[in-house]
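Asker: What follows is the file query_32.txt, containing compact mmCIF, C-alpha atoms:
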# COMPACT_ATOMS: atom_id res chain seq x y z
CA MET A 1201 -84.77 -6.62 -17.00
CA PRO A 1202 -84.56 -8.49 -20.34
CA LEU A 1203 -87.20 -11.04 -21.21
CA THR A 1204 -86.63 -14.67 -20.38
CA VAL A 1205 -87.84 -17.11 -23.04
CA THR A 1206 -88.05 -20.90 -22.94
CA PHE A 1207 -88.70 -22.96 -26.05
CA VAL A 1208 -89.77 -26.55 -25.47
CA SER A 1209 -89.99 -29.04 -28.35
CA ASN A 1210 -89.09 -32.60 -29.32
CA TYR A 1211 -85.41 -32.02 -30.22
CA ILE A 1212 -83.18 -29.30 -31.59
CA ASN A 1213 -82.45 -29.44 -35.33
CA HIS A 1214 -81.11 -27.26 -38.14
CA HIS A 1215 -84.59 -25.86 -38.85
CA GLN A 1216 -84.92 -24.54 -35.28
CA ILE A 1217 -81.35 -23.53 -34.48
CA PRO A 1218 -81.37 -20.21 -36.43
CA PHE A 1219 -84.47 -18.98 -34.56
CA CYS A 1220 -83.06 -20.09 -31.22
CA GLU A 1221 -79.71 -18.43 -31.94
CA ALA A 1222 -81.51 -15.24 -32.96
CA LEU A 1223 -83.29 -15.18 -29.60
CA ARG A 1224 -80.06 -16.03 -27.82
CA SER A 1225 -78.26 -13.13 -29.51
CA ARG A 1226 -80.92 -10.73 -28.26
CA ILE A 1227 -81.53 -11.90 -24.69
CA GLY A 1228 -78.40 -13.92 -23.92
CA SER A 1229 -78.69 -16.43 -21.11
CA GLY A 1230 -82.37 -15.53 -20.79
CA PHE A 1231 -83.09 -18.09 -23.54
CA VAL A 1232 -83.25 -21.85 -22.96
CA PHE A 1233 -84.35 -24.69 -25.23
CA VAL A 1234 -85.85 -27.72 -23.46
CA GLN A 1235 -85.38 -30.88 -25.51
CA MET A 1236 -87.91 -33.60 -24.77
CA GLU A 1237 -86.43 -36.56 -26.69
CA GLU A 1238 -83.48 -37.70 -28.78
CA MET A 1239 -83.30 -37.29 -32.55
CA GLU A 1240 -84.54 -40.31 -34.50
CA GLU A 1241 -82.06 -42.53 -36.32
CA GLU A 1242 -83.91 -41.92 -39.59
CA ARG A 1243 -83.20 -38.20 -39.37
CA ARG A 1244 -79.54 -38.88 -38.67
CA ASN A 1245 -79.41 -41.11 -41.74
CA MET A 1246 -80.78 -38.20 -43.76
CA GLY A 1247 -77.77 -36.10 -42.82
CA TRP A 1248 -79.29 -34.23 -39.87
CA LYS A 1249 -76.71 -33.46 -37.19
CA ASP A 1250 -77.49 -33.87 -33.51
CA ARG A 1251 -76.01 -30.73 -31.97
CA SER A 1252 -77.74 -30.98 -28.61
CA GLU A 1253 -74.51 -31.73 -26.73
CA GLU A 1254 -72.55 -28.79 -28.13
CA LEU A 1255 -75.19 -26.09 -27.57
CA ASP A 1256 -74.97 -24.82 -24.00
CA TRP A 1257 -78.51 -23.42 -24.11
CA VAL A 1258 -80.10 -26.86 -24.66
CA LEU A 1259 -81.52 -28.49 -21.54
CA LYS A 1260 -82.58 -32.13 -21.82
CA TRP A 1261 -85.78 -33.19 -20.07
CA SER A 1262 -84.40 -36.69 -19.54
CA GLU A 1263 -81.28 -35.41 -17.76
CA ASP A 1264 -82.72 -32.73 -15.47
CA ARG A 1265 -86.51 -32.78 -15.36
CA THR A 1266 -86.64 -30.61 -12.24
CA GLU A 1267 -84.66 -27.80 -13.85
CA ALA A 1268 -86.62 -28.16 -17.10
CA GLU A 1269 -89.93 -27.77 -15.24
CA ARG A 1270 -88.55 -24.75 -13.41
CA GLU A 1271 -87.60 -23.10 -16.71
CA ILE A 1272 -91.03 -23.85 -18.19
CA MET A 1273 -92.90 -22.38 -15.24
CA SER A 1274 -90.70 -19.38 -14.43
CA CYS A 1275 -89.87 -17.89 -17.85
CA ASP A 1276 -91.64 -14.74 -19.06
CA ILE A 1277 -92.55 -16.24 -22.43
CA LEU A 1278 -92.97 -19.94 -23.13
CA ILE A 1279 -92.87 -21.19 -26.72
CA ALA A 1280 -94.18 -24.73 -26.98
CA GLY A 1281 -94.27 -27.27 -29.74
CA TRP A 1282 -96.89 -30.01 -29.42
CA VAL A 1283 -95.47 -31.89 -26.42
CA PRO A 1284 -98.13 -33.95 -24.60
CA GLU A 1285 -95.82 -34.58 -21.63
CA ILE A 1286 -96.04 -30.94 -20.50
CA GLN A 1287 -99.76 -30.30 -20.99
CA GLU A 1288 -100.39 -30.21 -17.25
CA LEU A 1289 -97.57 -27.69 -16.82
CA LEU A 1290 -99.04 -25.55 -19.61
CA ALA A 1291 -102.44 -25.60 -17.95
CA LYS A 1292 -100.93 -24.66 -14.59
CA ARG A 1293 -98.97 -21.83 -16.19
CA LEU A 1294 -102.00 -20.45 -18.03
CA ARG A 1295 -104.14 -20.51 -14.91
CA ILE A 1296 -101.73 -18.12 -13.22
CA HIS A 1297 -101.85 -15.96 -16.35
CA ARG A 1298 -98.35 -16.53 -17.69
CA PRO A 1299 -98.09 -16.33 -21.51
CA VAL A 1300 -97.73 -19.38 -23.73
CA PHE A 1301 -97.12 -19.33 -27.48
CA GLN A 1302 -98.20 -22.67 -28.95
CA ILE A 1303 -96.60 -23.63 -32.27
CA SER A 1304 -98.82 -26.02 -34.18
CA GLU A 1305 -99.24 -27.55 -37.57
CA ARG A 1306 -102.70 -28.64 -38.71
CA ILE A 1307 -104.87 -30.67 -36.34
CA TYR A 1308 -107.17 -31.87 -39.15
CA LYS A 1309 -104.71 -32.85 -41.88
CA ASP A 1310 -106.94 -35.74 -42.91
CA GLY A 1311 -110.01 -33.56 -43.30
CA GLN A 1312 -111.86 -30.86 -41.34
CA TRP A 1313 -114.90 -33.11 -41.22
CA LYS A 1314 -113.17 -34.81 -38.28
CA ALA A 1315 -113.99 -31.73 -36.20
CA VAL A 1316 -117.41 -33.28 -35.55
CA SER A 1317 -115.92 -36.16 -33.56
CA PRO A 1318 -117.18 -35.86 -29.94
CA ARG A 1319 -114.11 -37.59 -28.53
CA GLY A 1320 -111.79 -35.33 -30.52
CA LEU A 1321 -113.67 -32.20 -29.49
CA ILE A 1322 -113.40 -33.12 -25.83
CA SER A 1323 -109.63 -33.66 -26.02
CA LYS A 1324 -109.11 -30.43 -27.95
CA TYR A 1325 -111.30 -28.50 -25.53
CA ARG A 1326 -109.12 -29.69 -22.68
CA ALA A 1327 -105.90 -28.85 -24.51
CA PHE A 1328 -106.87 -25.57 -26.19
CA THR A 1329 -110.40 -24.18 -26.14
CA GLN A 1330 -110.86 -23.98 -22.36
CA PHE A 1331 -107.98 -21.47 -22.26
CA ARG A 1332 -109.42 -19.11 -24.89
CA LYS A 1333 -109.53 -16.22 -22.38
CA GLU A 1334 -106.00 -16.82 -21.11
CA PRO A 1335 -102.73 -15.47 -22.60
CA TYR A 1336 -102.53 -18.47 -24.90
CA PHE A 1337 -101.43 -17.61 -28.45
CA LEU A 1338 -101.26 -19.79 -31.55
CA LEU A 1339 -98.29 -19.62 -33.90
CA CYS A 1340 -99.67 -21.20 -37.07
CA ALA A 1341 -96.98 -23.31 -38.72
CA GLY A 1342 -98.94 -23.59 -41.94
CA ALA A 1343 -101.55 -21.62 -43.83
CA TYR A 1344 -104.50 -23.88 -42.93
CA VAL A 1345 -103.82 -24.11 -39.20
CA ALA A 1346 -105.93 -21.09 -38.29
CA SER A 1347 -109.06 -22.47 -39.97
CA ASP A 1348 -108.56 -25.85 -38.27
CA PHE A 1349 -108.44 -24.25 -34.83
CA GLY A 1350 -111.26 -21.89 -35.74
CA LEU A 1351 -113.55 -24.91 -36.00
CA ILE A 1352 -113.12 -25.63 -32.30
CA GLY A 1353 -113.35 -22.01 -31.12
CA ALA A 1354 -109.78 -21.91 -29.83
CA PHE A 1355 -107.42 -18.92 -29.77
CA PRO A 1356 -109.96 -16.21 -30.72
CA GLU A 1357 -108.08 -13.22 -32.22
CA LYS A 1358 -104.85 -14.92 -31.14
CA LYS A 1359 -103.76 -16.83 -34.27
CA TYR A 1360 -100.59 -15.62 -36.00
CA CYS A 1361 -98.64 -16.58 -39.10
CA TRP A 1362 -95.57 -18.61 -38.28
CA GLY A 1363 -93.46 -21.36 -39.78
CA TYR A 1364 -90.03 -22.92 -39.73
CA PHE A 1365 -86.93 -20.83 -40.31
CA PRO A 1366 -83.96 -22.68 -41.81
CA PRO A 1367 -80.58 -20.91 -42.01
CA LEU A 1368 -80.73 -17.71 -44.04
CA ILE A 1369 -77.99 -17.33 -46.63
CA SER A 1370 -77.26 -13.77 -47.75
CA TYR A 1371 -75.69 -13.16 -51.13
CA GLU A 1372 -73.68 -10.30 -52.58
CA ASP A 1373 -75.76 -7.27 -53.62
CA GLY A 1374 -78.81 -8.79 -51.91
CA LYS A 1375 -79.55 -11.08 -54.84
CA PRO A 1376 -79.49 -14.87 -55.14
CA PRO A 1377 -76.91 -16.63 -57.34
CA VAL A 1378 -77.21 -15.47 -60.95
CA ARG A 1379 -78.50 -18.20 -63.21
CA ARG A 1380 -76.64 -18.42 -66.49
CA ARG A 1381 -79.28 -20.21 -68.53
CA GLY A 1382 -77.83 -18.68 -71.68
CA ALA A 1383 -74.57 -20.53 -71.07
CA ARG A 1384 -76.28 -23.92 -71.01
CA ASP A 1385 -79.00 -25.48 -73.06
CA ALA A 1386 -81.01 -27.16 -70.34
CA ALA A 1387 -83.04 -25.68 -67.49
CA GLU A 1388 -82.24 -27.26 -64.14
CA LEU A 1389 -85.06 -28.35 -61.84
CA VAL A 1390 -84.77 -29.66 -58.30
CA TRP A 1391 -87.04 -31.69 -56.00
CA ALA A 1392 -86.17 -32.60 -52.41
CA GLY A 1393 -87.81 -34.79 -49.79
CA ARG A 1394 -88.28 -38.23 -48.34
CA PHE A 1395 -89.95 -40.79 -50.56
CA VAL A 1396 -93.15 -40.92 -48.54
CA GLY A 1397 -96.69 -40.80 -49.86
CA PHE A 1398 -97.65 -37.20 -49.10
CA LYS A 1399 -94.52 -35.77 -50.77
CA HIS A 1400 -95.39 -37.39 -54.13
CA VAL A 1401 -92.05 -37.97 -55.80
CA GLU A 1402 -94.02 -39.80 -58.51
CA ARG A 1403 -95.58 -36.50 -59.56
CA VAL A 1404 -92.26 -34.81 -60.28
CA LEU A 1405 -91.19 -37.88 -62.26
CA GLU A 1406 -94.42 -37.74 -64.26
CA LEU A 1407 -93.67 -34.06 -64.82
CA ALA A 1408 -90.24 -35.02 -66.17
CA ASP A 1409 -91.86 -37.50 -68.56
CA ARG A 1410 -94.24 -34.83 -69.83
CA LEU A 1411 -91.43 -32.31 -70.28
CA GLN A 1412 -89.39 -34.79 -72.28
CA LYS A 1413 -92.33 -35.64 -74.51
CA ASP A 1414 -92.91 -31.92 -75.10
CA GLY A 1415 -89.30 -31.54 -76.24
CA LYS A 1416 -88.10 -29.39 -73.32
CA ALA A 1417 -84.39 -29.30 -72.52
CA PHE A 1418 -84.01 -29.91 -68.79
CA VAL A 1419 -82.25 -31.77 -66.00
CA LEU A 1420 -84.14 -32.79 -62.84
CA HIS A 1421 -82.20 -33.21 -59.59
CA VAL A 1422 -84.03 -35.54 -57.19
CA ILE A 1423 -82.73 -35.27 -53.63
CA GLY A 1424 -83.80 -37.78 -50.99
CA GLY A 1425 -84.85 -41.37 -50.66
CA ALA A 1426 -86.99 -43.87 -48.82
CA SER A 1427 -86.56 -44.98 -45.23
CA THR A 1428 -84.58 -48.16 -44.63
CA ALA A 1429 -87.80 -49.78 -43.41
CA ASP A 1430 -89.50 -49.33 -46.80
CA GLU A 1431 -87.30 -49.00 -49.85
CA SER A 1432 -90.03 -49.91 -52.34
CA ALA A 1433 -90.83 -46.24 -53.12
CA GLU A 1434 -87.23 -45.57 -54.08
CA GLN A 1435 -87.06 -48.70 -56.22
CA GLU A 1436 -90.29 -47.69 -57.95
CA ALA A 1437 -88.90 -44.21 -58.68
CA HIS A 1438 -85.78 -45.63 -60.32
CA ARG A 1439 -87.90 -48.12 -62.26
CA TYR A 1440 -90.12 -45.32 -63.58
CA VAL A 1441 -87.12 -43.37 -64.85
CA THR A 1442 -85.73 -46.44 -66.64
CA GLU A 1443 -89.04 -47.48 -68.18
CA HIS A 1444 -89.72 -43.96 -69.51
CA GLY A 1445 -86.22 -43.37 -70.85
CA LEU A 1446 -85.44 -40.49 -68.52
CA GLU A 1447 -81.92 -41.53 -67.54
CA GLU A 1448 -80.39 -38.51 -69.31
CA ASN A 1449 -82.82 -36.09 -67.67
CA VAL A 1450 -83.18 -37.29 -64.07
CA ILE A 1451 -80.32 -37.46 -61.58
CA PHE A 1452 -80.94 -39.22 -58.24
CA HIS A 1453 -78.69 -37.76 -55.54
CA GLY A 1454 -79.96 -39.87 -52.65
CA LEU A 1455 -79.97 -38.61 -49.07
CA CYS A 1456 -77.82 -35.49 -48.76
CA THR A 1457 -76.62 -33.23 -45.98
CA PRO A 1458 -78.35 -29.83 -45.70
CA GLU A 1459 -75.22 -28.22 -47.17
CA VAL A 1460 -75.32 -30.39 -50.30
CA VAL A 1461 -79.05 -29.72 -50.68
CA ARG A 1462 -78.38 -25.98 -50.69
CA ASP A 1463 -75.57 -26.37 -53.23
CA LEU A 1464 -77.90 -28.18 -55.62
CA MET A 1465 -80.64 -25.60 -55.09
CA GLU A 1466 -78.24 -22.76 -55.82
CA ARG A 1467 -77.40 -24.23 -59.23
CA SER A 1468 -81.03 -24.93 -60.14
CA ASP A 1469 -83.53 -22.66 -61.85
CA ILE A 1470 -86.85 -24.13 -60.69
CA PHE A 1471 -87.92 -25.84 -57.48
CA VAL A 1472 -90.83 -28.25 -57.85
CA PHE A 1473 -92.77 -28.82 -54.61
CA THR A 1474 -95.35 -31.60 -54.92
CA SER A 1475 -96.27 -32.25 -51.27
CA ASP A 1476 -99.99 -32.39 -50.48
CA HIS A 1477 -101.98 -31.55 -47.31
CA GLY A 1478 -99.88 -34.04 -45.32
CA GLU A 1479 -97.01 -31.52 -45.40
CA GLY A 1480 -97.60 -29.37 -42.35
CA TRP A 1481 -95.05 -26.79 -43.49
CA GLY A 1482 -92.22 -27.83 -45.82
CA ALA A 1483 -88.95 -26.08 -44.91
CA VAL A 1484 -87.38 -27.12 -48.22
CA LEU A 1485 -89.51 -24.39 -49.82
CA ASN A 1486 -87.88 -21.75 -47.59
CA GLU A 1487 -84.47 -23.12 -48.52
CA ALA A 1488 -85.20 -23.22 -52.26
CA MET A 1489 -86.58 -19.66 -52.30
CA ASN A 1490 -83.64 -18.42 -50.24
CA SER A 1491 -81.34 -20.15 -52.76
CA GLY A 1492 -82.95 -18.27 -55.65
CA CYS A 1493 -85.13 -20.96 -57.20
CA ALA A 1494 -88.39 -20.07 -58.90
CA PRO A 1495 -90.95 -22.28 -57.11
CA VAL A 1496 -93.84 -24.24 -58.62
CA ALA A 1497 -95.75 -25.61 -55.66
CA ASP A 1498 -98.85 -27.52 -54.60
CA ALA A 1499 -101.31 -25.25 -52.79
CA GLN A 1500 -101.99 -27.79 -50.03
CA ALA A 1501 -98.52 -27.80 -48.46
CA GLY A 1502 -98.67 -25.58 -45.38
CA ALA A 1503 -95.90 -23.16 -46.32
CA VAL A 1504 -97.11 -22.42 -49.85
CA PRO A 1505 -99.90 -19.81 -49.36
CA TYR A 1506 -97.74 -17.96 -46.81
CA LEU A 1507 -94.55 -17.83 -48.87
CA ILE A 1508 -95.74 -17.71 -52.48
CA GLN A 1509 -97.80 -15.06 -54.22
CA ASN A 1510 -99.11 -16.81 -57.31
CA GLY A 1511 -97.69 -15.20 -60.44
CA VAL A 1512 -95.48 -12.81 -58.43
CA ASN A 1513 -92.71 -14.89 -56.88
CA GLY A 1514 -93.73 -18.35 -58.06
CA TYR A 1515 -96.58 -20.47 -59.31
CA ILE A 1516 -99.14 -22.38 -57.24
CA PHE A 1517 -101.16 -25.29 -58.60
CA ALA A 1518 -104.14 -27.08 -57.06
CA GLU A 1519 -103.43 -30.44 -55.43
CA GLY A 1520 -102.75 -33.14 -57.99
CA ASP A 1521 -103.46 -30.90 -61.02
CA MET A 1522 -100.78 -32.33 -63.30
CA GLU A 1523 -101.88 -30.33 -66.33
CA ASP A 1524 -101.45 -27.04 -64.51
CA LEU A 1525 -98.14 -28.19 -63.00
CA VAL A 1526 -96.84 -29.02 -66.48
CA VAL A 1527 -98.02 -25.75 -68.06
CA LYS A 1528 -96.61 -23.55 -65.31
CA THR A 1529 -93.27 -25.38 -65.25
CA GLU A 1530 -92.97 -25.15 -69.03
CA ARG A 1531 -93.74 -21.44 -68.86
CA LEU A 1532 -90.71 -20.94 -66.62
CA ILE A 1533 -88.52 -23.14 -68.81
CA ASP A 1534 -89.54 -21.19 -71.91
CA ASP A 1535 -89.17 -17.76 -70.28
CA PRO A 1536 -85.79 -17.47 -68.47
CA GLU A 1537 -86.42 -13.81 -67.65
CA LEU A 1538 -89.67 -14.61 -65.86
CA CYS A 1539 -87.93 -17.46 -64.07
CA GLU A 1540 -85.17 -15.10 -62.93
CA ARG A 1541 -87.72 -12.51 -61.78
CA PHE A 1542 -89.53 -15.12 -59.68
CA ALA A 1543 -86.18 -16.22 -58.26
CA GLU A 1544 -85.30 -12.72 -57.10
CA THR A 1545 -88.71 -11.97 -55.60
CA SER A 1546 -88.69 -15.35 -53.86
CA TYR A 1547 -85.32 -14.57 -52.36
CA ARG A 1548 -86.56 -11.18 -51.14
CA ALA A 1549 -89.58 -12.79 -49.44
CA ILE A 1550 -87.26 -14.95 -47.34
CA ALA A 1551 -84.54 -12.36 -46.77
CA GLY A 1552 -87.07 -9.63 -45.99
CA SER A 1553 -89.36 -11.25 -43.44
CA TRP A 1554 -89.60 -15.05 -43.53
CA ASN A 1555 -86.42 -15.69 -41.58
CA ALA A 1556 -85.32 -16.41 -38.04
CA GLN A 1557 -84.04 -12.92 -37.28
CA ALA A 1558 -87.29 -11.21 -38.25
CA ALA A 1559 -89.35 -13.84 -36.41
CA ALA A 1560 -87.32 -13.45 -33.21
CA ASP A 1561 -87.50 -9.64 -33.28
CA ARG A 1562 -91.24 -9.65 -33.84
CA LEU A 1563 -91.91 -12.23 -31.15
CA LEU A 1564 -89.91 -10.31 -28.55
CA VAL A 1565 -91.67 -7.02 -29.35
CA PHE A 1566 -95.08 -8.66 -29.17
CA GLY A 1567 -94.08 -10.61 -26.07
CA GLU A 1568 -93.29 -7.37 -24.23
CA LYS A 1569 -96.76 -6.05 -25.04
CA VAL A 1570 -98.35 -9.29 -23.87
CA LEU A 1571 -96.46 -9.20 -20.58
CA ASP A 1572 -97.51 -5.59 -19.95
CA ALA A 1573 -101.13 -6.53 -20.62
CA CYS A 1574 -100.88 -9.53 -18.29
CA ASP A 1575 -99.39 -7.39 -15.52
CA GLU A 1576 -102.16 -4.84 -15.92
CA ARG A 1577 -104.77 -7.59 -15.80
CA ARG A 1578 -103.28 -9.03 -12.60
CA LEU A 1579 -103.61 -5.61 -10.97
CA ARG A 1580 -107.27 -5.47 -11.95
CA LEU A 1581 -107.87 -8.95 -10.57
CA THR A 1582 -106.18 -8.27 -7.24
CA GLY A 1583 -108.34 -5.17 -6.94
CA GLY A 1584 -111.43 -7.33 -7.00
CA VAL A 1585 -112.34 -6.57 -10.61
CA ARG A 1586 -114.26 -9.31 -12.36
CA ARG A 1587 -112.13 -11.69 -14.47
CA THR A 1588 -111.79 -10.42 -18.05
CA ALA A 1589 -109.99 -11.51 -21.19
CA LEU A 1590 -107.01 -9.70 -22.67
CA GLU A 1591 -107.84 -6.70 -24.84
CA MET A 1592 -106.77 -8.36 -28.09
CA LYS A 1593 -107.71 -5.50 -30.42
CA GLU A 1594 -105.25 -3.27 -28.63
CA LEU A 1595 -102.55 -5.96 -28.56
CA ASN A 1596 -102.98 -6.68 -32.27
CA ALA A 1597 -103.06 -3.03 -33.32
CA ASP A 1598 -99.45 -2.71 -34.53
CA LEU A 1599 -98.78 -6.17 -35.91
CA PRO A 1600 -96.88 -6.62 -39.20
CA VAL A 1601 -99.06 -6.72 -42.29
CA GLU A 1602 -97.48 -9.96 -43.52
CA GLY A 1603 -94.87 -12.51 -42.53
CA PRO A 1604 -94.23 -13.95 -39.05
CA LEU A 1605 -96.53 -12.61 -36.32
CA SER A 1606 -99.02 -11.10 -38.75
CA LEU A 1607 -102.61 -12.13 -38.10
CA ALA A 1608 -103.29 -15.51 -39.70
CA PRO A 1609 -106.16 -15.58 -42.21
CA HIS A 1610 -108.60 -18.49 -41.88
CA LEU A 1611 -107.77 -20.11 -45.21
CA ARG A 1612 -109.82 -23.20 -45.93
CA PRO A 1613 -108.10 -26.22 -47.48
CA PHE A 1614 -108.35 -26.94 -51.21
CA LEU A 1615 -107.76 -23.41 -52.41
CA LYS A 1616 -109.06 -22.61 -55.84
CA VAL A 1617 -106.02 -21.72 -57.91
CA PRO A 1618 -106.40 -20.19 -61.38
CA ARG A 1619 -105.07 -22.56 -64.00
CA MET A 1620 -102.78 -20.96 -66.52
CA THR A 1621 -104.75 -22.64 -69.30
CA GLU A 1622 -107.83 -20.68 -68.19
CA LYS A 1623 -106.29 -17.47 -69.59
CA ARG A 1624 -107.24 -15.46 -66.53
CA PRO A 1625 -105.07 -12.89 -64.75
CA GLU A 1626 -102.88 -14.40 -62.03
CA SER A 1627 -104.29 -13.94 -58.55
CA HIS A 1628 -102.50 -13.97 -55.25
CA ALA A 1629 -103.85 -17.34 -54.18
CA GLY A 1630 -103.69 -17.79 -50.47
CA ARG A 1631 -102.90 -14.14 -49.66
Could you quickly redo this structure as structure tokens?

Answerer:
Amino acid sequence: MPLTVTFVSNYINHHQIPFCEALRSRIGSGFVFVQMEEMEEERRNMGWKDRSEELDWVLKWSEDRTEAEREIMSCDILIAGWVPEIQELLAKRLRIHRPVFQISERIYKDGQWKAVSPRGLISKYRAFTQFRKEPYFLLCAGAYVASDFGLIGAFPEKKYCWGYFPPLISYEDGKPPVRRRGARDAAELVWAGRFVGFKHVERVLELADRLQKDGKAFVLHVIGGASTADESAEQEAHRYVTEHGLEENVIFHGLCTPEVVRDLMERSDIFVFTSDHGEGWGAVLNEAMNSGCAPVADAQAGAVPYLIQNGVNGYIFAEGDMEDLVVKTERLIDDPELCERFAETSYRAIAGSWNAQAAADRLLVFGEKVLDACDERRLRLTGGVRRTALEMKELNADLPVEGPLSLAPHLRPFLKVPRMTEKRPESHAGR
């Protein structure tokens, strides 16, 4: 019989739909998505579409809790976002040795020193660590997740690289759109995100000011805006551009639909990603790399060390290091061939492994192995054999070397990234 898989999370959105549809295409009606809440108005205002009513595999907790609980408890594989409302169900499921794959971003975004908090340790023990011998697996949606959970002794040998998987766009001949820098004088840069503190729109505007002062020919597309509750950040961004005479270089596009975002990325040469450690993942990086942009990205955003090999398919800079950000961006502006090479290798990273289809295939293959191991363990237990943990070395033996479902390295925050001004060979920071 085919596997049955249930995915429970806050609400369905365009970052999750491709992965869900990939599972659906492989196991049919054996896949169900349990939606715990409605999409926020702010997300709708950003152009996100609520498709929960049109997708027949979405089951709403608020409309049929009994059926939702049945799906959560009876499925072969449960994939769970961080949903406090179902923690008791997860515990019950784990105690009868039914597999759970927990997707999580960082638990210590504000600093790993918080791991010493007694109250925090108790709550995390109850939620995670007490089940370390059960079939409880961690899908790390960010490069620093594994080290966070390592501090509390949770998920030993059961932490895997994961992320978010926006729609994959395939292009003719397996290459992203060809940039025709020679046909235009200016390089085109793009930045996308909400105007919130951890995304640092001010840094890309400061970059634009530095590029202009250095005589670089460029256009910067800024996609996004502030929430209606706090428009001061957007006003400040516009004021900065006016005061620094950047009106000819910076174009504000405001909030855009995902389709418009992709169109702007496809016409741009360089994607600048300035989010800090507050960015658990950062799906715009997937989208930009898939669209054929050469990325220049802050090392602290969760997606960056997983998706970018420094000096191979993009540049990484240490958090807040404006000098390095400027130098690496100018290098790409000055060297269109290098920029194009980064664009193609970035595209291949997404098209090759960091996409919904690859993630779904790998999860189903690994899920089958986990179920076989759980069945074997149940036989041992019913035969009176002492309770033992899963044989993780055997389960992990044939995992992919990189990409989704590869073993997650315990990368500590604040990676040391070689500055280009240091004249040292580029290293694969975060790999």

Asker: List the spatial neighbours of Ala1386 of chain A as a short mmCIF file (atom, residue, chain, number, x, y, z; two decimals) with C-alpha atoms, keeping the file's coordinate frame - criterion: any atom at most 9 Å away, all atoms listed in the file, same-chain residues fewer than 3 positions off excluded.

Answerer:
data_model
loop_
_atom_site.label_atom_id
_atom_site.label_comp_id
_atom_site.auth_asym_id
_atom_site.auth_seq_id
_atom_site.Cartn_x
_atom_site.Cartn_y
_atom_site.Cartn_z
CA ARG A 1381 -79.28 -20.21 -68.53
CA LYS A 1416 -88.10 -29.39 -73.32
CA ALA A 1417 -84.39 -29.30 -72.52
CA PHE A 1418 -84.01 -29.91 -68.79
CA VAL A 1419 -82.25 -31.77 -66.00
CA ILE A 1533 -88.52 -23.14 -68.81
#

Asker: Rank A:Met1522, A:Ala1503, A:Met1239, A:Met1489 by their smallest atom-to-atom distance to Ser1468 of chain A, using all atoms listed in the file, and report the top residue only.

Answerer: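 Between A:Met1522, A:Ala1503, A:Met1239, A:Met1489, the residue approaching Ser1468 of chain A most closely is A:Met1489.
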
Asker: Got a sec: who's within 12 Å of His1421 of chain A, counting only C-alpha atoms, leaving out chain neighbours fewer than 6 positions off, as a count of residues only?

Answerer: 33

Asker: Write out as a tab-separated table a residue-level contact list of segment 1358-1442 of chain A versus segment 1554-1578 of chain A with cut-off 12 Å: for each qualifying residue the closest pair of atoms and the distance in Å to one decimal, counting all atoms listed in the file, rows sorted by chain and residue number upward.

Answerer:
residue	atom	partner	partner_atom	distance
A:Lys1358	CA	A:Val1570	CA	11.3
A:Tyr1360	CA	A:Leu1563	CA	10.5
A:Cys1361	CA	A:Ala1559	CA	10.1
A:Trp1362	CA	A:Ala1559	CA	8.1
A:Gly1363	CA	A:Trp1554	CA	8.3
A:Tyr1364	CA	A:Ala1556	CA	8.2
A:Phe1365	CA	A:Ala1556	CA	5.2
A:Pro1366	CA	A:Asn1555	CA	7.4
A:Pro1367	CA	A:Ala1556	CA	7.6
A:Leu1368	CA	A:Asn1555	CA	6.5
A:Ile1369	CA	A:Asn1555	CA	10.0
A:Ser1370	CA	A:Asn1555	CA	11.2

Asker: Can those selected residues be exported to a file as a PDB file, in the coordinates of the input so that it contains C-alpha atoms?

Answerer:
ATOM      1  CA  LYS A1358    -104.850 -14.920 -31.140  1.00  0.00           C
ATOM      2  CA  TYR A1360    -100.590 -15.620 -36.000  1.00  0.00           C
ATOM      3  CA  CYS A1361     -98.640 -16.580 -39.100  1.00  0.00           C
ATOM      4  CA  TRP A1362     -95.570 -18.610 -38.280  1.00  0.00           C
ATOM      5  CA  GLY A1363     -93.460 -21.360 -39.780  1.00  0.00           C
ATOM      6  CA  TYR A1364     -90.030 -22.920 -39.730  1.00  0.00           C
ATOM      7  CA  PHE A1365     -86.930 -20.830 -40.310  1.00  0.00           C
ATOM      8  CA  PRO A1366     -83.960 -22.680 -41.810  1.00  0.00           C
ATOM      9  CA  PRO A1367     -80.580 -20.910 -42.010  1.00  0.00           C
ATOM     10  CA  LEU A1368     -80.730 -17.710 -44.040  1.00  0.00           C
ATOM     11  CA  ILE A1369     -77.990 -17.330 -46.630  1.00  0.00           C
ATOM     12  CA  SER A1370     -77.260 -13.770 -47.750  1.00  0.00           C
TER      13      SER A1370
END

Asker: For the atom pair atom CA of Tyr1325 of chain A and atom CA of Arg1298 of chain A, what is the interatomic distance in Å to one decimal place?

Answerer: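 One can read the atom CA of Tyr1325 of chain A to atom CA of Arg1298 of chain A distance as 19.3 Å.
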
Asker: Pick from A:Glu1443, A:Asp1521, A:Asp1348, A:Asp1535: nearest to Arg1612 of chain A, with only C-alpha atoms counted?

Answerer: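 Nearest to Arg1612 of chain A: A:Asp1348.
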
Asker: Just want the 8 Å neighbourhood of segment 1263-1275 of chain A, counted on only C-alpha atoms, with same-chain residues fewer than 4 positions away dropped. Output as a ChimeraX atom specification.

Answerer: /A:1204-1206,1208,1232,1234,1259,1289,1293
